[in-house]
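Source file: structure01.pdb; contents: PDB, C-alpha atoms, pLDDT in the B column.
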```pdb
ATOM      1  CA  MET A  20      48.200 128.495 143.002  1.00 61.00           C
ATOM      2  CA  ARG A  21      51.673 129.785 142.214  1.00 76.00           C
ATOM      3  CA  LYS A  22      53.266 126.457 143.122  1.00 83.00           C
ATOM      4  CA  ARG A  23      50.908 124.638 140.757  1.00 87.00           C
ATOM      5  CA  ASN A  24      51.741 127.089 137.977  1.00 91.00           C
ATOM      6  CA  VAL A  25      55.478 126.469 138.399  1.00 94.00           C
ATOM      7  CA  THR A  26      54.925 122.691 138.331  1.00 95.00           C
ATOM      8  CA  LEU A  27      52.969 122.927 135.069  1.00 96.00           C
ATOM      9  CA  LEU A  28      55.691 125.145 133.603  1.00 97.00           C
ATOM     10  CA  ILE A  29      58.415 122.625 134.535  1.00 98.00           C
ATOM     11  CA  ILE A  30      56.399 119.738 133.058  1.00 98.00           C
ATOM     12  CA  PHE A  31      55.887 121.745 129.860  1.00 98.00           C
ATOM     13  CA  LEU A  32      59.623 122.529 129.620  1.00 98.00           C
ATOM     14  CA  VAL A  33      60.596 118.883 130.170  1.00 98.00           C
ATOM     15  CA  PHE A  34      58.067 117.735 127.557  1.00 98.00           C
ATOM     16  CA  SER A  35      59.370 120.318 125.081  1.00 98.00           C
ATOM     17  CA  LEU A  36      62.965 119.231 125.746  1.00 98.00           C
ATOM     18  CA  ILE A  37      62.148 115.547 125.134  1.00 98.00           C
ATOM     19  CA  PHE A  38      60.183 116.409 121.976  1.00 97.00           C
ATOM     20  CA  GLY A  39      63.064 118.599 120.774  1.00 96.00           C
ATOM     21  CA  LEU A  40      65.590 115.804 121.330  1.00 96.00           C
ATOM     22  CA  TYR A  41      63.452 113.323 119.407  1.00 94.00           C
ATOM     23  CA  TYR A  42      63.090 115.840 116.574  1.00 94.00           C
ATOM     24  CA  TRP A  43      66.843 116.571 116.547  1.00 93.00           C
ATOM     25  CA  PHE A  44      67.757 112.865 116.559  1.00 90.00           C
ATOM     26  CA  GLY A  45      65.258 112.301 113.741  1.00 90.00           C
ATOM     27  CA  ILE A  46      67.065 114.900 111.619  1.00 88.00           C
ATOM     28  CA  ALA A  47      70.485 113.547 112.602  1.00 86.00           C
ATOM     29  CA  VAL A  48      69.533 110.025 111.498  1.00 83.00           C
ATOM     30  CA  GLN A  49      68.325 111.254 108.115  1.00 78.00           C
TER
END
```
Represent the structure contained in this file as structure tokens.
Amino acid sequence: MRKRNVTLLIIFLVFSLIFGLYYWFGIAVQ
């Protein structure tokens, strides 16, 4: 159970990082 929780947390962090980069690049372009 704990291992699964950590995996979901990592996936969430990676997704947030990618979304943040896209958002930041969007602002940089404008």
Box dimensions and centre (Å, one decimal) enclosing region 36-41 of chain A, axis-aligned, 3 Å extra per side, as lines of an AutoDock Vina configuration file:
```
center_x = 62.9
center_y = 116.3
center_z = 122.6
size_x = 11.4
size_y = 11.9
size_z = 12.3
```
Notebook entry, point to check: When you draw a straight line from CA of Phe38 (chain A) to CA of Arg23 (chain A), how long is it in Å?
Noted result: 22.5 Å
Note to self: Can you measure CA of Ser35 (chain A) to CA of Arg21 (chain A) for me? One decimal in Å is fine.
What the structure shows: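 Taking CA of Ser35 (chain A) as the start and CA of Arg21 (chain A) as the end point, the length is 21.0 Å.
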Note to self: Just the number, please: distance in Å from CA of Ile30 (chain A) to CA of Gly45 (chain A), one decimal.
What the structure shows: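 For CA of Ile30 (chain A) relative to CA of Gly45 (chain A), the distance reads 22.5 Å.
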